[in-house]
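Asks: File follows, upload-v6.json with JSON, C-alpha atoms:
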```
[["chain", "number", "residue", "atom", "x", "y", "z"],
["W", 183, "VAL", "CA", 0.39, 3.24, 14.57],
["W", 184, "ILE", "CA", 2.73, 1.01, 16.58],
["W", 185, "ALA", "CA", 5.82, 2.18, 14.67],
["W", 186, "ALA", "CA", 4.89, 5.85, 15.10],
["W", 187, "ARG", "CA", 4.21, 5.36, 18.82],
["W", 188, "GLU", "CA", 7.49, 3.55, 19.47],
["W", 189, "ALA", "CA", 9.49, 6.03, 17.42],
["W", 190, "LYS", "CA", 8.04, 8.90, 19.44],
["W", 191, "ALA", "CA", 8.88, 6.95, 22.60],
["W", 192, "GLY", "CA", 12.54, 7.09, 21.64],
["W", 193, "ARG", "CA", 13.20, 3.75, 19.95],
["W", 194, "GLU", "CA", 16.28, 4.14, 17.77],
["W", 195, "LEU", "CA", 15.62, 1.05, 15.62],
["W", 196, "ILE", "CA", 12.25, -0.34, 14.54],
["W", 197, "VAL", "CA", 12.29, -3.65, 12.66],
["W", 198, "ALA", "CA", 9.62, -4.55, 10.10],
["W", 199, "CYS", "CA", 9.11, -8.31, 9.86],
["W", 200, "GLY", "CA", 7.04, -9.02, 6.77],
["W", 201, "GLY", "CA", 6.61, -8.24, 3.10],
["W", 202, "ASP", "CA", 6.52, -4.98, 1.21],
["W", 203, "GLY", "CA", 3.14, -3.97, 2.64],
["W", 204, "THR", "CA", 4.36, -4.39, 6.22],
["W", 205, "ILE", "CA", 7.59, -2.52, 5.48],
["W", 206, "ASN", "CA", 5.53, 0.27, 3.93],
["W", 207, "GLU", "CA", 3.39, 0.58, 7.07],
["W", 208, "VAL", "CA", 6.35, 0.61, 9.45],
["W", 209, "ALA", "CA", 8.23, 3.12, 7.30],
["W", 210, "GLY", "CA", 5.12, 5.29, 7.15],
["W", 211, "GLY", "CA", 4.85, 5.23, 10.94],
["W", 212, "ILE", "CA", 8.46, 6.31, 11.35],
["W", 213, "LEU", "CA", 7.98, 9.13, 8.87],
["W", 214, "GLU", "CA", 4.79, 10.31, 10.54],
["W", 215, "SER", "CA", 6.57, 10.34, 13.91],
["W", 216, "GLY", "CA", 8.99, 13.01, 12.69],
["W", 217, "THR", "CA", 11.89, 11.27, 14.45],
["W", 218, "ASP", "CA", 15.25, 9.90, 13.25],
["W", 219, "ALA", "CA", 14.35, 6.31, 14.10],
["W", 220, "GLU", "CA", 15.98, 3.74, 11.81],
["W", 221, "LEU", "CA", 14.16, 1.05, 9.84],
["W", 222, "GLY", "CA", 15.40, -2.53, 9.96],
["W", 223, "ILE", "CA", 14.00, -5.29, 7.73],
["W", 224, "LEU", "CA", 13.43, -9.00, 8.37],
["W", 225, "PRO", "CA", 11.77, -10.12, 5.13],
["W", 226, "SER", "CA", 8.84, -12.49, 4.77],
["W", 227, "GLY", "CA", 5.48, -12.17, 3.01],
["W", 228, "THR", "CA", 4.57, -12.59, -0.65],
["W", 229, "GLY", "CA", 6.60, -10.11, -2.68],
["W", 230, "GLY", "CA", 9.87, -9.23, -0.97],
["W", 231, "ASP", "CA", 10.73, -6.72, -3.68],
["W", 232, "PHE", "CA", 12.02, -3.79, -1.64],
["W", 233, "ARG", "CA", 14.68, -5.82, 0.18],
["W", 234, "ARG", "CA", 16.14, -6.82, -3.21],
["W", 235, "SER", "CA", 17.12, -3.21, -3.97],
["W", 236, "LEU", "CA", 18.94, -3.05, -0.62],
["W", 237, "ALA", "CA", 20.67, -6.44, -1.05],
["W", 238, "ILE", "CA", 19.02, -7.75, 2.13],
["W", 239, "PRO", "CA", 19.02, -11.58, 2.21],
["W", 240, "ALA", "CA", 15.72, -13.36, 1.57],
["W", 241, "ARG", "CA", 16.02, -15.79, 4.52],
["W", 242, "ALA", "CA", 15.05, -14.23, 7.85],
["W", 243, "ALA", "CA", 18.00, -15.83, 9.68],
["W", 244, "ASP", "CA", 20.49, -14.42, 7.15],
["W", 245, "ALA", "CA", 18.77, -11.03, 7.25],
["W", 246, "ALA", "CA", 18.97, -11.02, 11.06],
["W", 247, "ARG", "CA", 22.71, -11.69, 10.94],
["W", 248, "ALA", "CA", 23.09, -8.93, 8.35],
["W", 249, "LEU", "CA", 21.08, -6.59, 10.58],
["W", 250, "ARG", "CA", 23.54, -7.10, 13.44],
["W", 251, "LYS", "CA", 26.40, -6.04, 11.16],
["W", 252, "SER", "CA", 24.79, -3.22, 9.23],
["W", 253, "ARG", "CA", 25.27, 0.38, 8.27],
["W", 254, "VAL", "CA", 22.76, 3.19, 7.98],
["W", 255, "VAL", "CA", 21.80, 4.79, 4.67],
["W", 256, "GLN", "CA", 19.34, 7.59, 4.00],
["W", 257, "ILE", "CA", 16.90, 6.85, 1.22],
["W", 258, "ASP", "CA", 14.26, 8.75, -0.72],
["W", 259, "ILE", "CA", 10.57, 8.16, -0.10],
["W", 260, "GLY", "CA", 7.65, 8.57, -2.48],
["W", 261, "LYS", "CA", 4.42, 10.31, -1.57],
["W", 262, "VAL", "CA", 1.21, 9.76, -3.52],
["W", 263, "THR", "CA", -2.01, 11.71, -3.23],
["W", 264, "CYS", "CA", -4.92, 9.95, -4.94],
["W", 265, "ARG", "CA", -8.68, 9.47, -4.83],
["W", 266, "GLY", "CA", -9.76, 7.09, -2.09],
["W", 267, "ALA", "CA", -11.62, 4.12, -3.58],
["W", 268, "ARG", "CA", -14.17, 4.15, -0.75],
["W", 269, "SER", "CA", -14.05, 7.71, 0.55],
["W", 270, "GLY", "CA", -14.07, 9.41, -2.86],
["W", 271, "VAL", "CA", -11.81, 12.17, -1.49],
["W", 272, "ASP", "CA", -8.08, 12.76, -1.85],
["W", 273, "GLU", "CA", -5.86, 10.75, 0.49],
["W", 274, "SER", "CA", -2.05, 10.83, 0.85],
["W", 275, "ARG", "CA", 0.35, 8.07, 1.80],
["W", 276, "PHE", "CA", 4.06, 7.30, 1.57],
["W", 277, "PHE", "CA", 5.66, 4.53, -0.44],
["W", 278, "ILE", "CA", 9.19, 3.17, -0.37],
["W", 279, "ASN", "CA", 9.30, 0.88, -3.38],
["W", 280, "VAL", "CA", 7.05, 1.33, -6.45],
["W", 281, "ALA", "CA", 3.60, 2.74, -7.14],
["W", 282, "SER", "CA", 1.81, 1.64, -10.31],
["W", 283, "CYS", "CA", -1.43, 1.99, -12.21],
["W", 284, "GLY", "CA", -2.69, -0.23, -14.97],
["W", 285, "ILE", "CA", -2.16, -3.96, -15.05],
["W", 286, "ALA", "CA", -0.11, -3.92, -11.81],
["W", 287, "GLY", "CA", -3.21, -2.86, -9.92],
["W", 288, "GLU", "CA", -5.11, -5.79, -11.41],
["W", 289, "VAL", "CA", -2.30, -8.19, -10.46],
["W", 290, "VAL", "CA", -2.54, -7.04, -6.85],
["W", 291, "LYS", "CA", -6.32, -7.55, -6.94],
["W", 292, "HIS", "CA", -5.79, -11.15, -8.07],
["W", 293, "VAL", "CA", -3.12, -11.80, -5.42],
["W", 294, "LYS", "CA", -5.40, -10.45, -2.68],
["W", 295, "ARG", "CA", -8.44, -12.30, -4.02],
["W", 296, "GLU", "CA", -7.24, -15.78, -2.99],
["W", 297, "PRO", "CA", -8.42, -18.44, -3.26],
["W", 298, "SER", "CA", -9.12, -18.64, -6.99],
["W", 299, "ARG", "CA", -8.98, -21.25, -9.71],
["W", 300, "TRP", "CA", -5.48, -19.96, -10.50],
["W", 301, "ILE", "CA", -4.15, -19.83, -6.95],
["W", 302, "PRO", "CA", -6.17, -22.26, -4.80],
["W", 303, "ALA", "CA", -5.95, -21.73, -1.04],
["W", 304, "GLN", "CA", -4.27, -25.08, -0.39],
["W", 305, "ARG", "CA", -1.52, -24.27, -2.90],
["W", 306, "SER", "CA", -0.96, -20.56, -2.34],
["W", 307, "SER", "CA", 0.81, -21.11, 0.97],
["W", 308, "LEU", "CA", 3.27, -23.44, -0.77],
["W", 309, "LEU", "CA", 4.09, -21.01, -3.57],
["W", 310, "GLY", "CA", 6.91, -18.54, -3.27],
["W", 311, "GLY", "CA", 6.33, -14.85, -3.91],
["W", 312, "LYS", "CA", 7.63, -15.05, -7.46],
["W", 313, "ALA", "CA", 5.31, -17.91, -8.42],
["W", 314, "THR", "CA", 2.29, -16.30, -6.74],
["W", 315, "PHE", "CA", 2.80, -13.03, -8.61],
["W", 316, "ALA", "CA", 3.58, -14.82, -11.88],
["W", 317, "LEU", "CA", 0.26, -16.69, -11.75],
["W", 318, "ALA", "CA", -1.62, -13.54, -10.83],
["W", 319, "ALA", "CA", 0.13, -11.63, -13.63],
["W", 320, "LEU", "CA", -0.91, -14.30, -16.15],
["W", 321, "GLN", "CA", -4.53, -14.09, -15.05],
["W", 322, "ALA", "CA", -4.53, -10.28, -15.12],
["W", 323, "THR", "CA", -2.79, -10.10, -18.50],
["W", 324, "LEU", "CA", -5.33, -12.36, -20.18],
["W", 325, "SER", "CA", -8.27, -10.20, -19.06],
["W", 326, "TYR", "CA", -6.80, -6.68, -18.98],
["W", 327, "LYS", "CA", -7.54, -3.90, -21.46],
["W", 328, "ASN", "CA", -5.05, -1.05, -21.93],
["W", 329, "VAL", "CA", -6.08, 2.38, -20.71],
["W", 330, "GLU", "CA", -5.51, 5.95, -21.88],
["W", 331, "ILE", "CA", -4.03, 8.32, -19.32],
["W", 332, "MET", "CA", -2.83, 11.91, -19.18],
["W", 333, "ILE", "CA", 0.57, 12.38, -17.58],
["W", 334, "GLY", "CA", 2.65, 15.44, -16.74],
["W", 335, "LEU", "CA", 6.25, 15.14, -15.49],
["W", 336, "ASP", "CA", 7.55, 17.81, -13.11],
["W", 337, "GLU", "CA", 6.19, 21.10, -14.46],
["W", 338, "HIS", "CA", 5.96, 19.99, -18.09],
["W", 339, "ARG", "CA", 2.68, 20.02, -19.99],
["W", 340, "GLU", "CA", 0.72, 16.79, -19.75],
["W", 341, "ARG", "CA", 0.43, 14.41, -22.67],
["W", 342, "ALA", "CA", -1.75, 11.44, -23.54],
["W", 343, "LEU", "CA", -0.46, 7.87, -23.33],
["W", 344, "THR", "CA", -2.13, 4.53, -23.93],
["W", 345, "VAL", "CA", -0.56, 2.12, -21.47],
["W", 346, "ALA", "CA", -0.72, -1.40, -20.19],
["W", 347, "ASN", "CA", 1.08, -0.22, -17.07],
["W", 348, "LEU", "CA", 2.72, 2.86, -15.59],
["W", 349, "SER", "CA", 5.24, 2.44, -12.76],
["W", 350, "VAL", "CA", 6.54, 5.26, -10.58],
["W", 351, "ALA", "CA", 9.63, 3.66, -9.11],
["W", 352, "ASN", "CA", 11.74, 4.65, -6.14],
["W", 353, "ALA", "CA", 13.39, 1.20, -6.10],
["W", 354, "ARG", "CA", 13.95, -1.44, -8.77],
["W", 355, "PHE", "CA", 11.66, -4.45, -8.34],
["W", 356, "ILE", "CA", 7.95, -5.29, -8.35],
["W", 357, "GLY", "CA", 5.80, -8.41, -8.65],
["W", 358, "GLY", "CA", 8.04, -10.89, -6.88],
["W", 359, "GLY", "CA", 11.26, -10.04, -8.71],
["W", 360, "MET", "CA", 10.44, -8.16, -11.94],
["W", 361, "LYS", "CA", 13.22, -5.60, -12.43],
["W", 362, "ILE", "CA", 10.82, -2.93, -13.65],
["W", 363, "ALA", "CA", 13.20, -0.01, -13.03],
["W", 364, "PRO", "CA", 16.76, -1.31, -13.45],
["W", 365, "GLN", "CA", 18.28, 2.18, -13.25],
["W", 366, "ALA", "CA", 16.48, 3.28, -10.08],
["W", 367, "GLN", "CA", 18.59, 4.67, -7.24],
["W", 368, "LEU", "CA", 17.20, 5.07, -3.74],
["W", 369, "ASP", "CA", 19.06, 8.29, -3.00],
["W", 370, "ASP", "CA", 19.09, 10.35, -6.21],
["W", 371, "GLY", "CA", 16.00, 12.46, -5.53],
["W", 372, "LEU", "CA", 14.18, 11.19, -8.63],
["W", 373, "PHE", "CA", 11.59, 8.63, -9.64],
["W", 374, "GLU", "CA", 12.13, 6.28, -12.54],
["W", 375, "VAL", "CA", 8.90, 6.50, -14.57],
["W", 376, "ILE", "CA", 8.35, 3.40, -16.74],
["W", 377, "ALA", "CA", 5.42, 3.28, -19.16],
["W", 378, "VAL", "CA", 4.66, -0.03, -20.87],
["W", 379, "GLY", "CA", 2.65, 1.19, -23.82],
["W", 380, "ASP", "CA", -0.14, -0.09, -26.05],
["W", 381, "ILE", "CA", 0.90, -3.73, -26.12],
["W", 382, "SER", "CA", -1.20, -6.88, -26.60],
["W", 383, "SER", "CA", -1.63, -9.61, -24.00],
["W", 384, "LEU", "CA", 0.33, -12.07, -26.13],
["W", 385, "ALA", "CA", 3.21, -9.61, -26.57],
["W", 386, "MET", "CA", 3.19, -8.86, -22.85],
["W", 387, "MET", "CA", 3.57, -12.55, -22.02],
["W", 388, "ALA", "CA", 6.25, -12.99, -24.67],
["W", 389, "HIS", "CA", 8.31, -10.16, -23.17],
["W", 390, "ALA", "CA", 7.85, -11.27, -19.53],
["W", 391, "PRO", "CA", 11.40, -12.70, -19.29],
["W", 392, "ARG", "CA", 12.79, -9.29, -20.26],
["W", 393, "LEU", "CA", 10.85, -7.70, -17.39],
["W", 394, "TYR", "CA", 12.49, -10.08, -14.92],
["W", 395, "ARG", "CA", 15.95, -9.44, -16.39],
["W", 396, "GLY", "CA", 15.45, -5.69, -16.59],
["W", 397, "THR", "CA", 16.16, -5.52, -20.33],
["W", 398, "HIS", "CA", 12.70, -4.27, -21.35],
["W", 399, "LEU", "CA", 13.72, -0.59, -21.56],
["W", 400, "GLY", "CA", 14.98, -1.27, -25.07],
["W", 401, "LEU", "CA", 11.54, -2.30, -26.33],
["W", 402, "ARG", "CA", 9.82, 0.20, -28.62],
["W", 403, "GLN", "CA", 6.60, -0.11, -26.59],
["W", 404, "VAL", "CA", 8.37, 0.99, -23.39],
["W", 405, "SER", "CA", 9.15, 4.61, -22.53],
["W", 406, "HIS", "CA", 11.32, 5.75, -19.64],
["W", 407, "ALA", "CA", 11.89, 9.09, -17.91],
["W", 408, "ARG", "CA", 13.06, 10.56, -14.60],
["W", 409, "ALA", "CA", 11.10, 13.07, -12.56],
["W", 410, "ALA", "CA", 10.82, 14.42, -9.03],
["W", 411, "SER", "CA", 7.05, 14.76, -9.35],
["W", 412, "LEU", "CA", 4.29, 13.84, -11.76],
["W", 413, "ALA", "CA", 0.54, 14.07, -12.12],
["W", 414, "VAL", "CA", -1.51, 11.27, -13.70],
["W", 415, "ARG", "CA", -5.22, 11.12, -14.52],
["W", 416, "SER", "CA", -7.50, 9.01, -16.64],
["W", 417, "ALA", "CA", -8.25, 10.45, -20.08],
["W", 418, "ASN", "CA", -11.78, 9.17, -19.51],
["W", 419, "PRO", "CA", -13.10, 10.68, -16.24],
["W", 420, "SER", "CA", -15.65, 7.90, -15.83],
["W", 421, "GLU", "CA", -13.01, 5.13, -15.93],
["W", 422, "ARG", "CA", -11.82, 3.82, -12.57],
["W", 423, "ILE", "CA", -8.08, 3.09, -12.75],
["W", 424, "ALA", "CA", -6.63, 1.53, -9.60],
["W", 425, "ILE", "CA", -3.29, 2.46, -8.06],
["W", 426, "GLU", "CA", -1.17, -0.04, -6.16],
["W", 427, "VAL", "CA", 1.47, 1.13, -3.71],
["W", 428, "ASP", "CA", 4.12, -1.33, -2.47],
["W", 429, "GLY", "CA", 1.87, -4.25, -3.34],
["W", 430, "GLU", "CA", -1.29, -2.85, -1.73],
["W", 431, "LEU", "CA", -4.28, -1.18, -3.38],
["W", 432, "ALA", "CA", -4.13, 2.52, -2.47],
["W", 433, "GLY", "CA", -6.91, 4.23, -4.43],
["W", 434, "LEU", "CA", -7.78, 5.54, -7.86],
["W", 435, "LEU", "CA", -6.59, 8.08, -10.38],
["W", 436, "PRO", "CA", -6.23, 11.06, -10.51],
["W", 437, "ALA", "CA", -2.97, 11.07, -8.53],
["W", 438, "ARG", "CA", 0.07, 13.19, -7.84],
["W", 439, "PHE", "CA", 3.42, 11.60, -7.02],
["W", 440, "GLU", "CA", 6.23, 13.46, -5.24],
["W", 441, "ILE", "CA", 9.71, 12.39, -4.15],
["W", 442, "VAL", "CA", 10.81, 13.18, -0.58],
["W", 443, "PRO", "CA", 14.63, 13.15, -0.73],
["W", 444, "ARG", "CA", 16.64, 11.17, 1.86],
["W", 445, "ALA", "CA", 13.71, 11.10, 4.28],
["W", 446, "LEU", "CA", 14.23, 7.66, 5.86],
["W", 447, "ARG", "CA", 17.19, 6.04, 7.65],
["W", 448, "VAL", "CA", 17.47, 2.32, 6.82],
["W", 449, "ARG", "CA", 19.84, -0.41, 8.05],
["W", 450, "VAL", "CA", 21.49, -2.31, 5.18],
["W", 451, "PRO", "CA", 24.14, -5.05, 5.03],
["W", 452, "VAL", "CA", 27.75, -3.93, 5.22]]
```
Kindly transcribe the structure held in the file into structure tokens.
Replies:
Amino acid sequence: VIAAREAKAGRELIVACGGDGTINEVAGGILESGTDAELGILPSGTGGDFRRSLAIPARAADAARALRKSRVVQIDIGKVTCRGARSGVDESRFFINVASCGIAGEVVKHVKREPSRWIPAQRSSLLGGKATFALAALQATLSYKNVEIMIGLDEHRERALTVANLSVANARFIGGGMKIAPQAQLDDGLFEVIAVGDISSLAMMAHAPRLYRGTHLGLRQVSHARAASLAVRSANPSERIAIEVDGELAGLLPARFEIVPRALRVRVPV
């Protein structure tokens, strides 16, 4: 609301100071304003994944210096329309980084559920984003069961997939530094769609280093495609499958994802 109001008031630059969720909200406000206001980023918060794709420094002081000597780029934005978890009706929202369903939604639930026996309150504030997400990912992986979904890319006929996780990526990183979509480009008009297939919890943990390095696309259990839009639903209509958007829980399947090409002006380091 604040970002939209200030953009409509004529502010040329609006700076988001926070993590991916805060950046998402500020970007959404700018987009809703219909103006050409630019987004600046001073990172903090838990994840910090979006700034990695833009090579924005992690330290706020370094990011502020980079912001003073920056250039403007126009990037794509994702739009997801999904079932509201509380309202039960379709709701739409923008995302700048990655939207996922499957285990990523469970990881976000664990991160937001603090304190827990895995991430006690007195320790969570001392952990960096990578450690917080790694602990949450371990907890989610040990308890998660793979799901069967129906997915259709662009205008192609849908097909069934059993997945541990499905990521619809505009940018490259999720979960505090996992390079889930190493080939993603922010200005190519396409999503990178990464499906981690029917894989066991033990295998998932064994391959975790490959997720952080971005070398997992070579695994036989991982499929990869590009699309400007896609529709995803649960193969079992009674199963509630959560969707996370830029590190926040957004709703439930069924969902439709659409790319909005070069919709947002962002300041990045020179």
Asks: Which residues come within 12 Å of Ala342 (chain W), counting only C-alpha atoms, excluding same-chain residues fewer than 2 positions away, as a compact mmCIF listing (two decimals) with C-alpha atoms, in the coordinates of the input?
Replies:
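Generated file (around00.txt):
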```
# COMPACT_ATOMS: atom_id res chain seq x y z
CA VAL W 329 -6.08 2.38 -20.71
CA GLU W 330 -5.51 5.95 -21.88
CA ILE W 331 -4.03 8.32 -19.32
CA MET W 332 -2.83 11.91 -19.18
CA ILE W 333 0.57 12.38 -17.58
CA GLY W 334 2.65 15.44 -16.74
CA LEU W 335 6.25 15.14 -15.49
CA ARG W 339 2.68 20.02 -19.99
CA GLU W 340 0.72 16.79 -19.75
CA THR W 344 -2.13 4.53 -23.93
CA VAL W 345 -0.56 2.12 -21.47
CA ALA W 377 5.42 3.28 -19.16
CA GLY W 379 2.65 1.19 -23.82
CA ASP W 380 -0.14 -0.09 -26.05
CA ALA W 413 0.54 14.07 -12.12
CA VAL W 414 -1.51 11.27 -13.70
CA ARG W 415 -5.22 11.12 -14.52
CA SER W 416 -7.50 9.01 -16.64
CA ALA W 417 -8.25 10.45 -20.08
CA ASN W 418 -11.78 9.17 -19.51
```
Asks: Kindly provide the residues of region 183-244 of chain W that approach region 432-443 of chain W to within 12 Å, each paired with its closest atom pair and their distance in Å to one decimal, based on only C-alpha atoms, listed by chain and increasing number, as JSON lines.
Replies:
```
{"residue": "W:Gly203", "atom": "CA", "partner": "W:Ala432", "partner_atom": "CA", "distance": 11.0}
{"residue": "W:Asn206", "atom": "CA", "partner": "W:Ala432", "partner_atom": "CA", "distance": 11.8}
{"residue": "W:Leu213", "atom": "CA", "partner": "W:Val442", "partner_atom": "CA", "distance": 10.7}
```
Asks: Do a neighbour search on region 207-209 of chain W at 7 Å with all atoms listed in the file, toss out local chain neighbours closer than 6 positions, and write the hits as a short mmCIF file (atom, residue, chain, number, x, y, z; two decimals) with C-alpha atoms, in the coordinates of the input.
Replies:
```
data_model
loop_
_atom_site.label_atom_id
_atom_site.label_comp_id
_atom_site.auth_asym_id
_atom_site.auth_seq_id
_atom_site.Cartn_x
_atom_site.Cartn_y
_atom_site.Cartn_z
CA ALA W 185 5.82 2.18 14.67
CA ALA W 198 9.62 -4.55 10.10
CA LEU W 221 14.16 1.05 9.84
#
```
Asks: Which residue gives the smallest distance to Asn352 (chain W) among W:Asp272, W:Asp258, W:Glu421, W:Glu337, with all atoms listed in the file counted?
Replies: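 Distance minimum relative to Asn352 (chain W) lands on W:Asp258.
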Asks: Within 10 Å of Ala407 (chain W), counting all atoms listed in the file, which residues show up once you throw out same-chain ones fewer than 2 positions away? Write them as a ChimeraX atom specification, please.
Replies: /W:335,350,372-377,405,409
Asks: For Glu194 (chain W), which residue out of W:Ala385, W:Glu220, W:Gly260, W:Ala445 is the nearest one, using only C-alpha atoms?
Replies: W:Glu220
Asks: Go through W:Ala424, W:Ile196, W:Leu384, W:Leu320 and flag the residue nearest Asp218 (chain W), using all atoms listed in the file for the distances.
Replies: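 Of all the options, W:Ile196 lies closest to Asp218 (chain W).
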Asks: Would you mind listing, for every residue of region 359-400 of chain W within 10 Å of region 234-254 of chain W, the two atoms forming the shortest contact and the distance between them in Å to one decimal, using only C-alpha atoms, sorted by chain and ascending residue number, as JSON lines?
Replies:
```
{"residue": "W:Gly359", "atom": "CA", "partner": "W:Arg234", "partner_atom": "CA", "distance": 8.0}
{"residue": "W:Lys361", "atom": "CA", "partner": "W:Ser235", "partner_atom": "CA", "distance": 9.6}
{"residue": "W:Pro364", "atom": "CA", "partner": "W:Ser235", "partner_atom": "CA", "distance": 9.7}
{"residue": "W:Ala366", "atom": "CA", "partner": "W:Ser235", "partner_atom": "CA", "distance": 8.9}
{"residue": "W:Gln367", "atom": "CA", "partner": "W:Ser235", "partner_atom": "CA", "distance": 8.7}
{"residue": "W:Leu368", "atom": "CA", "partner": "W:Ser235", "partner_atom": "CA", "distance": 8.3}
```
Asks: With distances taken over all atoms listed in the file, which of W:Asn279, W:Ser215, W:Ser383, W:Asn328 is nearest to Gly357 (chain W)?
Replies: W:Asn279
Asks: W:Ile362, W:Leu412, W:Val450, W:Leu224: which is nearest Pro391 (chain W), counting only C-alpha atoms?
Replies: W:Ile362
Asks: In Å, with one decimal, what is the gap from CA of His398 (chain W) to CA of Val289 (chain W)?
Replies: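 Value for the CA of His398 (chain W)-CA of Val289 (chain W) distance: 18.9 Å.
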Asks: Please determine, counting all atoms listed in the file, which residue among W:Ile259, W:Leu195, W:Ala186, W:Cys283 has the shortest atom-to-atom distance to Arg444 (chain W).
Replies: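 For Arg444 (chain W), the nearest of the candidates is W:Ile259.
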